[in-house]
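A.B. asks: Here's a structure for you.
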Amino acid sequence: MTPRKAVRKPAETTAKKSPAIRKKEAPRAEIGILGGTGLYEIEGIHNLEEVRLKTPWGDPSDEYILGALEGRKVAFLSRHGRGHRFSPSEINYRANVYGFKMLGVERLISVNSVGSLREEIRPRDIVFADQFIDKTKRDCTFFGGGCVAHISLAEPVCPQLSRHCHAAAVGLGLRSHLGATYVCMEGPAFSTRAESKMHQVWGGDLIGMTAATEAKLFREAEICYATMNLATDYDTWRLHEEGVTVGMIFENLRVNISKAKEIIRKAVAALPPHDETACSCRHVLAAAVVTAAKHVPAATRKKLALLVPEYRTGR
Ligand SMILES: [Zn+2]
C-alpha cells in the first residue's frame, strides 16, 4: 500500500475555474474507478494526488485519488467516502459523476455490493449487470431547471467495457456472470422476505442500493460505464436460510474486495482504445435534449456546459 504520507494534497484547484475552462485542459484521468462498500482505496496507484472538486451540484463524497495504475491515468473515488460516511440515500450522486467528467474520465468501472436473487449467482460471485429496475426516488438527472432531456436507457451500461471487465475476471479464474438485472432499492435496511420474493418475480437477479442512480447519471454524462457487482449473500428470499446478517455480508465482502482489485488492475492494464462502433455511450445526448436552446435559462446553461457542448459559448 502506498504510504499516506506520500500523498500530495494540492489546494482546491478547480474552485475558481469553470467546467468549460477545465474541459480545454488535458484530461487528468482517462479511466474512473468508483469504489463501494469496503473499497475505499486501490493499492498500486503511483504518483498519487488527491484532488477536492467543487461541482455545480455540490461536493463529491470524497477527494478523487489521481495517479497511474498499470501505466494508465486513473481517478478513484470512494462512493460512501473513506470511513463510509454517506448512506445510499445521502450520497451526492450528481456531484460524484460530474467530478469524474470534470477530470476528463471517458470510461468508468464501478464496484457495487449486492445480494443475489438467483440460486446460480452464489455469494462471492462477480456479476456485471446490464439492466436495472429502479425503486428509488433520488436526484438522478443533471437536467431540469428549464432544460429537459430524455435519454435512452434501453442499454444502460457500456457493453464493450462490461465485456472487457468480465473477460478480465474470467481470465483470473473467478466465477463471473455477464448480464443481469439489478433491482435498486432505497435502503438502508435490507429487504423483507416478501419484498425479496417480489423482486424475483419482477425478473431481478441482484438487489442493491446505488447502481441504477449512477448508471443514469454516467449515461447522461456520456461516460462508458460498467458495474462490477460483488454478491455478498442470497438476500432474504431463501426460506431455509436465517436471512441476511451484517456479519455474514461483511465477511464475504472482505473476500470479494481483493478479487475486485485484481480484476480492476487486469482490466485497466489491458483496456483497448475506445471503439466508437461498439457502444452508443458518447452520443447519448445528441437526440435527448428537447428544450430549444434559446429557452434554456443562462444559469442552467452554465451548469450544463460541460455536458452539452453548444452551451459552452455562454451566449
Ligand atoms: Zn461505451
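Ordered as shown in the C-alpha cells, chains take letters A, B, and onward, while each chain numbers its residues from 1 and ligands are numbered from 1 in the order shown.
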All residues within 10 Å of ligand 1 are required, counting only C-alpha atoms and all ligand atoms; please report them as a ChimeraX atom specification.

C.D. replies: /A:106-108,155-162,219,222-226,274-283

A.B. asks: Please, which residues of segment 100-298 of chain A, numbered as in this document, come out strand (DSSP E) from DSSP, as a ChimeraX atom specification?

C.D. replies: /A:107-116,126-128,131-134,176-178,181-184,206-208,224-233

A.B. asks: Go ahead and save the picked residues with C-alpha atoms, as a compact mmCIF listing (two decimals), in the first residue's frame.

C.D. replies:
# COMPACT_ATOMS: atom_id res chain seq x y z
CA ARG A 107 -14.67 5.11 -19.12
CA LEU A 108 -15.66 4.17 -15.60
CA ILE A 109 -15.62 0.89 -13.70
CA SER A 110 -17.96 0.87 -10.72
CA VAL A 111 -17.81 -1.60 -7.86
CA ASN A 112 -21.10 -2.34 -6.08
CA SER A 113 -22.03 -4.80 -3.36
CA VAL A 114 -25.24 -6.71 -3.97
CA GLY A 115 -27.47 -9.50 -2.73
CA SER A 116 -28.24 -12.38 -5.09
CA ILE A 126 -18.88 -11.37 -9.66
CA VAL A 127 -21.76 -10.11 -11.81
CA PHE A 128 -21.73 -7.43 -14.50
CA GLN A 131 -30.31 -3.88 -16.77
CA PHE A 132 -31.91 -2.06 -13.84
CA ILE A 133 -35.22 -1.75 -12.06
CA ASP A 134 -35.09 1.49 -10.10
CA SER A 176 -18.14 -14.10 -13.21
CA HIS A 177 -21.52 -13.58 -14.87
CA LEU A 178 -22.10 -11.21 -17.78
CA THR A 181 -30.96 -7.31 -13.85
CA TYR A 182 -30.15 -5.18 -10.81
CA VAL A 183 -33.04 -4.04 -8.61
CA CYS A 184 -32.11 -0.75 -6.94
CA LEU A 206 -29.44 -8.76 -7.95
CA ILE A 207 -30.54 -6.35 -5.24
CA GLY A 208 -28.53 -3.25 -4.36
CA CYS A 224 -18.82 4.49 -20.72
CA TYR A 225 -19.96 2.72 -17.55
CA ALA A 226 -19.68 -0.85 -16.30
CA THR A 227 -20.83 -2.06 -12.90
CA MET A 228 -18.95 -4.89 -11.24
CA ASN A 229 -21.28 -6.34 -8.64
CA LEU A 230 -19.93 -8.36 -5.75
CA ALA A 231 -22.50 -10.83 -4.44
CA THR A 232 -22.31 -10.97 -0.68
CA ASP A 233 -25.39 -13.03 0.20

A.B. asks: Can you list, as a PyMOL selection string, every residue of segment 64-264 of chain A that DSSP puts in helix (DSSP H, G or I)?

C.D. replies: chain A and resi 93-102+159-171+193-201+211-220+246-264

A.B. asks: Can you pull out every residue within 9 Å of Asp62 of chain A, counting only C-alpha atoms, but drop anything in the same chain fewer than 4 positions away, and send it as JSON, numbers by chain?

C.D. replies: {"A": [51, 52, 53, 77, 78, 79, 80, 81, 82, 96]}

A.B. asks: Those same residues - N, CA and C atoms - I'd like them written as an mmCIF file, in the first residue's frame.

C.D. replies:
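Final output, saved to result02.cif:
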data_model
loop_
_atom_site.group_PDB
_atom_site.id
_atom_site.type_symbol
_atom_site.label_atom_id
_atom_site.label_comp_id
_atom_site.auth_asym_id
_atom_site.auth_seq_id
_atom_site.Cartn_x
_atom_site.Cartn_y
_atom_site.Cartn_z
ATOM 1 N N VAL A 51 -7.402 15.202 -5.080
ATOM 2 C CA VAL A 51 -7.993 16.446 -5.570
ATOM 3 C C VAL A 51 -9.412 16.590 -5.041
ATOM 4 N N ARG A 52 -9.654 17.706 -4.417
ATOM 5 C CA ARG A 52 -11.010 18.002 -3.953
ATOM 6 C C ARG A 52 -11.686 18.883 -5.005
ATOM 7 N N LEU A 53 -12.814 18.455 -5.506
ATOM 8 C CA LEU A 53 -13.504 19.200 -6.556
ATOM 9 C C LEU A 53 -14.773 19.856 -6.018
ATOM 10 N N LEU A 77 -12.614 7.215 -6.723
ATOM 11 C CA LEU A 77 -13.443 7.895 -5.724
ATOM 12 C C LEU A 77 -14.164 6.852 -4.878
ATOM 13 N N SER A 78 -14.214 7.091 -3.593
ATOM 14 C CA SER A 78 -14.992 6.238 -2.695
ATOM 15 C C SER A 78 -16.418 6.782 -2.627
ATOM 16 N N ARG A 79 -17.352 5.979 -3.107
ATOM 17 C CA ARG A 79 -18.759 6.403 -3.184
ATOM 18 C C ARG A 79 -19.336 6.854 -1.833
ATOM 19 N N HIS A 80 -19.016 6.103 -0.806
ATOM 20 C CA HIS A 80 -19.548 6.419 0.527
ATOM 21 C C HIS A 80 -18.616 7.328 1.317
ATOM 22 N N GLY A 81 -17.485 7.705 0.707
ATOM 23 C CA GLY A 81 -16.478 8.468 1.422
ATOM 24 C C GLY A 81 -15.626 7.526 2.254
ATOM 25 N N ARG A 82 -14.339 7.825 2.350
ATOM 26 C CA ARG A 82 -13.486 6.986 3.182
ATOM 27 C C ARG A 82 -13.992 7.041 4.623
ATOM 28 N N ASN A 96 -20.659 13.332 -7.596
ATOM 29 C CA ASN A 96 -19.659 12.285 -7.819
ATOM 30 C C ASN A 96 -19.416 12.053 -9.316
#

A.B. asks: Counting only C-alpha atoms, which residue out of A:Phe143, A:Tyr311, A:Phe76, A:Trp202 sits closest to Ile31 of chain A?

C.D. replies: A:Phe76

A.B. asks: From the list A:Val268, A:Ala149, A:Ala189, A:Leu285, which residue is nearest Asp235 of chain A when using only C-alpha atoms?

C.D. replies: A:Ala189

A.B. asks: Pick the closest to Ala293 of chain A from A:Pro309, A:Gly179, A:Gly44, A:Gly203: which is it, counting only C-alpha atoms?

C.D. replies: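 Closest to Ala293 of chain A, using only C-alpha atoms: A:Pro309.
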
A.B. asks: Using only C-alpha atoms, determine which residues lie at most 10 Å from Phe250 of chain A, disregarding the query and same-chain residues fewer than 3 positions distant; provide the list as an NGL selection string.

C.D. replies: :A and (37-38 or 113 or 232-233 or 245-247 or 253-256)

A.B. asks: Restricting the calculation to only C-alpha atoms, which member of A:Arg175, A:Lys302, A:Ala194, A:Pro27 is positioned closest to Pro123 of chain A?

C.D. replies: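 Looking at the shortest contact to Pro123 of chain A, the residue is A:Arg175.
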
A.B. asks: Under the rule that only C-alpha atoms are counted, which of A:Val97, A:Leu306, A:Met185, A:Val284 is the nearest residue to Gly58 of chain A?

C.D. replies: A:Val97

A.B. asks: Where does segment 173-276 of chain A meet segment 66-73 of chain A within 10 Å, residue by residue, with the nearest atom pair and distance in Å to one decimal for each, counting only C-alpha atoms, listed by chain and rising number, as a Markdown table?

C.D. replies:
| residue | atom | partner | partner_atom | distance |
| --- | --- | --- | --- | --- |
| A:Ile264 | CA | A:Leu69 | CA | 9.4 |
| A:Arg265 | CA | A:Glu70 | CA | 6.8 |
| A:Lys266 | CA | A:Glu70 | CA | 8.3 |
| A:Ala267 | CA | A:Glu70 | CA | 9.6 |
| A:Val268 | CA | A:Glu70 | CA | 6.9 |
| A:Ala269 | CA | A:Glu70 | CA | 5.2 |
| A:Ala270 | CA | A:Glu70 | CA | 8.9 |
| A:Leu271 | CA | A:Arg72 | CA | 9.3 |

A.B. asks: So, with only C-alpha atoms as the atoms that count, which of A:Cys147, A:Ile257, A:Cys140, A:Leu153 lies closest to Ser89 of chain A?

C.D. replies: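 Using only C-alpha atoms, the shortest distance to Ser89 of chain A belongs to A:Cys140.
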